[in-house]
Amino acid sequence: MHPYELMFIMHPSLEQPEQEAMVERVKALIETGKGTITEVKLWGKRRLAYEIADQREGFYVLVNYEAEPHVSKEIDRVLRIAETVIRFMIVRTDES
């Protein structure tokens with residue numbers, strides 16, 4: 001298994017239950033792929049560096065996990081089609 005870091009930004013107008021549901025969905029994807037979640041940080045609502053889809057703010061979430069590459073591909077697929085997610089990035093964090 002490889003260590004990964006996922007940062008995603010959700011639409012700022014989402015209510016807390018909708019935000020929690022998206023975070024739980026990502027966690028479930030990792031766990032069903034036999035990965036392990038090492039840390040989840042909810043950074044909250046922050047100002048974006050530049051406007052995205054007419055939005056100036058977003059709700060930031062950082063997830064550190066270990067999994068096989070196919071899990072990250074599935075997370076990528078799901079977040080691409082999720083209407084609540086403005087942007088996301090998955091980075092493999094190999095400590096050398």
# chains A, B, ... in the order shown; residues from 1 in each chain; ligands from 1

$ select_by_dssp --residues "chain A" --states "alpha helix (DSSP H)" --output "VMD selection string"
chain A and resid 16 to 32 69 to 81

$ write_last_selection --atoms "N, CA and C atoms" --output "CSV table (one decimal), in the first residue's frame"
chain,number,residue,atom,x,y,z
A,16,GLN,N,-24.2,21.4,6.8
A,16,GLN,CA,-23.3,20.5,7.4
A,16,GLN,C,-23.6,19.0,7.2
A,17,PRO,N,-24.8,18.6,7.2
A,17,PRO,CA,-25.1,17.2,6.9
A,17,PRO,C,-24.6,16.7,5.5
A,18,GLU,N,-24.8,17.6,4.5
A,18,GLU,CA,-24.3,17.3,3.2
A,18,GLU,C,-22.8,17.2,3.1
A,19,GLN,N,-22.1,18.1,3.8
A,19,GLN,CA,-20.7,18.1,3.9
A,19,GLN,C,-20.2,16.8,4.5
A,20,GLU,N,-20.8,16.4,5.7
A,20,GLU,CA,-20.4,15.2,6.4
A,20,GLU,C,-20.7,14.0,5.5
A,21,ALA,N,-21.8,14.0,4.7
A,21,ALA,CA,-22.1,12.9,3.8
A,21,ALA,C,-21.0,12.7,2.8
A,22,MET,N,-20.5,13.8,2.2
A,22,MET,CA,-19.5,13.6,1.2
A,22,MET,C,-18.2,13.1,1.8
A,23,VAL,N,-17.8,13.6,3.0
A,23,VAL,CA,-16.6,13.1,3.7
A,23,VAL,C,-16.8,11.6,4.0
A,24,GLU,N,-18.0,11.2,4.5
A,24,GLU,CA,-18.2,9.8,4.8
A,24,GLU,C,-18.1,8.9,3.5
A,25,ARG,N,-18.6,9.5,2.4
A,25,ARG,CA,-18.5,8.8,1.1
A,25,ARG,C,-17.1,8.5,0.7
A,26,VAL,N,-16.2,9.5,0.9
A,26,VAL,CA,-14.8,9.3,0.5
A,26,VAL,C,-14.2,8.3,1.5
A,27,LYS,N,-14.5,8.4,2.8
A,27,LYS,CA,-14.0,7.4,3.7
A,27,LYS,C,-14.4,6.0,3.4
A,28,ALA,N,-15.7,5.8,3.0
A,28,ALA,CA,-16.2,4.5,2.6
A,28,ALA,C,-15.5,4.0,1.4
A,29,LEU,N,-15.2,4.8,0.4
A,29,LEU,CA,-14.4,4.4,-0.8
A,29,LEU,C,-13.1,3.8,-0.4
A,30,ILE,N,-12.4,4.5,0.5
A,30,ILE,CA,-11.1,4.0,1.0
A,30,ILE,C,-11.2,2.7,1.7
A,31,GLU,N,-12.2,2.6,2.6
A,31,GLU,CA,-12.3,1.4,3.4
A,31,GLU,C,-12.8,0.2,2.6
A,32,THR,N,-13.6,0.4,1.7
A,32,THR,CA,-14.1,-0.7,0.8
A,32,THR,C,-13.0,-1.2,-0.1
A,69,PRO,N,-3.2,1.7,-5.6
A,69,PRO,CA,-3.5,2.7,-6.6
A,69,PRO,C,-5.0,2.7,-7.2
A,70,HIS,N,-5.6,1.5,-7.2
A,70,HIS,CA,-6.9,1.4,-7.8
A,70,HIS,C,-7.9,2.2,-6.9
A,71,VAL,N,-7.7,2.3,-5.6
A,71,VAL,CA,-8.6,3.1,-4.7
A,71,VAL,C,-8.5,4.6,-5.1
A,72,SER,N,-7.4,5.1,-5.3
A,72,SER,CA,-7.2,6.5,-5.7
A,72,SER,C,-7.9,6.8,-7.1
A,73,LYS,N,-7.8,5.8,-8.0
A,73,LYS,CA,-8.5,6.0,-9.3
A,73,LYS,C,-10.0,6.0,-9.1
A,74,GLU,N,-10.6,5.2,-8.2
A,74,GLU,CA,-12.0,5.2,-7.9
A,74,GLU,C,-12.4,6.5,-7.2
A,75,ILE,N,-11.6,7.0,-6.3
A,75,ILE,CA,-11.9,8.3,-5.6
A,75,ILE,C,-11.9,9.4,-6.7
A,76,ASP,N,-10.9,9.4,-7.6
A,76,ASP,CA,-10.8,10.4,-8.6
A,76,ASP,C,-12.1,10.4,-9.5
A,77,ARG,N,-12.6,9.2,-9.9
A,77,ARG,CA,-13.8,9.0,-10.7
A,77,ARG,C,-15.0,9.6,-10.0
A,78,VAL,N,-15.1,9.3,-8.7
A,78,VAL,CA,-16.3,9.7,-8.0
A,78,VAL,C,-16.3,11.2,-7.7
A,79,LEU,N,-15.2,11.8,-7.4
A,79,LEU,CA,-15.1,13.2,-7.2
A,79,LEU,C,-15.3,14.0,-8.4
A,80,ARG,N,-14.9,13.5,-9.6
A,80,ARG,CA,-15.1,14.2,-10.8
A,80,ARG,C,-16.5,14.4,-11.2
A,81,ILE,N,-17.4,13.4,-10.8
A,81,ILE,CA,-18.8,13.6,-11.1
A,81,ILE,C,-19.6,14.1,-10.0

$ residues_around --residues "A:Thr84" --least-positions-apart "4" --cutoff "8 Å" --atoms "only C-alpha atoms" --output "ChimeraX atom specification"
/A:10-11,14

$ closest_residue --among "A:Ile37, A:Arg87, A:Tyr50, A:Ile9" --to "A:Val63" --atoms "only C-alpha atoms"
A:Ile37

$ residues_around --residues "A:Tyr4" --least-positions-apart "6" --cutoff "7 Å" --atoms "only C-alpha atoms" --output "PyMOL selection string"
chain A and resi 64-66+90-93

$ write_last_selection --atoms "N, CA and C atoms" --output "compact mmCIF listing (two decimals), in the first residue's frame"
# COMPACT_ATOMS: atom_id res chain seq x y z
N ASN A 64 -5.63 12.00 4.68
CA ASN A 64 -4.42 11.21 4.49
C ASN A 64 -4.80 9.74 4.63
N TYR A 65 -4.36 8.92 3.69
CA TYR A 65 -4.71 7.51 3.73
C TYR A 65 -3.65 6.67 3.05
N GLU A 66 -3.71 5.37 3.29
CA GLU A 66 -2.84 4.39 2.63
C GLU A 66 -3.74 3.41 1.90
N ILE A 90 -5.30 14.55 -5.62
CA ILE A 90 -4.77 13.39 -4.93
C ILE A 90 -3.28 13.33 -5.23
N VAL A 91 -2.47 13.23 -4.17
CA VAL A 91 -1.03 13.20 -4.31
C VAL A 91 -0.48 12.00 -3.56
N ARG A 92 0.40 11.25 -4.21
CA ARG A 92 1.07 10.15 -3.53
C ARG A 92 2.24 10.73 -2.75
N THR A 93 2.31 10.44 -1.46
CA THR A 93 3.31 11.05 -0.58
C THR A 93 4.30 10.03 -0.09

$ select_by_dssp --residues "stretch 28-91 of chain A" --states "strand (DSSP E)" --output "number ranges by chain"
A: 36-52, 55-67, 85-91

$ atom_distance --atom1 "atom CA of A:Glu68" --atom2 "atom CA of A:Met1"
5.0 Å

$ atom_distance --atom1 "atom CA of A:Leu42" --atom2 "atom CA of A:Leu62"
6.5 Å

$ atom_distance --atom1 "atom CA of A:Val61" --atom2 "atom CA of A:Gly35"
18.2 Å

$ decode --residues "stretch 45-63 of chain A" --atoms "N, CA, C and O atoms" --output "short mmCIF file (atom, residue, chain, number, x, y, z; two decimals), in the first residue's frame"
data_model
loop_
_atom_site.label_atom_id
_atom_site.label_comp_id
_atom_site.auth_asym_id
_atom_site.auth_seq_id
_atom_site.Cartn_x
_atom_site.Cartn_y
_atom_site.Cartn_z
N LYS A 45 -14.57 26.49 6.08
CA LYS A 45 -14.77 27.41 4.96
C LYS A 45 -13.62 28.40 4.90
O LYS A 45 -13.28 29.03 5.89
N ARG A 46 -13.02 28.50 3.71
CA ARG A 46 -11.89 29.41 3.50
C ARG A 46 -12.05 30.11 2.15
O ARG A 46 -12.70 29.61 1.25
N ARG A 47 -11.37 31.21 2.04
CA ARG A 47 -11.38 31.97 0.78
C ARG A 47 -10.50 31.26 -0.24
O ARG A 47 -9.40 30.81 0.08
N LEU A 48 -10.98 31.17 -1.46
CA LEU A 48 -10.22 30.55 -2.55
C LEU A 48 -9.17 31.54 -3.07
O LEU A 48 -9.35 32.75 -2.98
N ALA A 49 -8.09 31.01 -3.61
CA ALA A 49 -7.05 31.86 -4.18
C ALA A 49 -7.57 32.60 -5.41
O ALA A 49 -7.14 33.72 -5.70
N TYR A 50 -8.47 31.97 -6.14
CA TYR A 50 -9.09 32.59 -7.30
C TYR A 50 -10.51 32.05 -7.42
O TYR A 50 -10.84 31.00 -6.88
N GLU A 51 -11.35 32.76 -8.12
CA GLU A 51 -12.74 32.39 -8.26
C GLU A 51 -12.90 31.13 -9.11
O GLU A 51 -12.31 31.02 -10.18
N ILE A 52 -13.69 30.19 -8.61
CA ILE A 52 -13.97 28.94 -9.33
C ILE A 52 -15.47 28.80 -9.42
O ILE A 52 -16.16 28.78 -8.39
N ALA A 53 -15.98 28.70 -10.63
CA ALA A 53 -17.43 28.53 -10.86
C ALA A 53 -18.24 29.57 -10.09
O ALA A 53 -19.20 29.25 -9.40
N ASP A 54 -17.82 30.82 -10.20
CA ASP A 54 -18.48 31.95 -9.55
C ASP A 54 -18.47 31.87 -8.02
O ASP A 54 -19.30 32.49 -7.36
N GLN A 55 -17.57 31.10 -7.45
CA GLN A 55 -17.47 30.97 -5.99
C GLN A 55 -16.15 31.59 -5.51
O GLN A 55 -15.12 31.40 -6.13
N ARG A 56 -16.21 32.30 -4.41
CA ARG A 56 -15.01 32.90 -3.82
C ARG A 56 -14.56 32.16 -2.57
O ARG A 56 -13.48 32.40 -2.06
N GLU A 57 -15.41 31.26 -2.06
CA GLU A 57 -15.09 30.48 -0.87
C GLU A 57 -15.37 29.01 -1.13
O GLU A 57 -16.08 28.66 -2.07
N GLY A 58 -14.81 28.16 -0.27
CA GLY A 58 -15.07 26.73 -0.37
C GLY A 58 -14.81 26.07 0.97
O GLY A 58 -14.11 26.61 1.83
N PHE A 59 -15.37 24.89 1.15
CA PHE A 59 -15.18 24.12 2.38
C PHE A 59 -14.08 23.09 2.12
O PHE A 59 -14.26 22.19 1.30
N TYR A 60 -12.94 23.24 2.80
CA TYR A 60 -11.76 22.42 2.56
C TYR A 60 -11.74 21.18 3.46
O TYR A 60 -12.04 21.28 4.64
N VAL A 61 -11.32 20.04 2.86
CA VAL A 61 -11.16 18.80 3.61
C VAL A 61 -9.85 18.14 3.17
O VAL A 61 -9.57 18.05 1.97
N LEU A 62 -9.05 17.70 4.14
CA LEU A 62 -7.79 17.01 3.88
C LEU A 62 -7.88 15.60 4.43
O LEU A 62 -8.23 15.41 5.60
N VAL A 63 -7.58 14.60 3.58
CA VAL A 63 -7.63 13.20 4.00
C VAL A 63 -6.29 12.55 3.66
O VAL A 63 -5.85 12.57 2.51
#
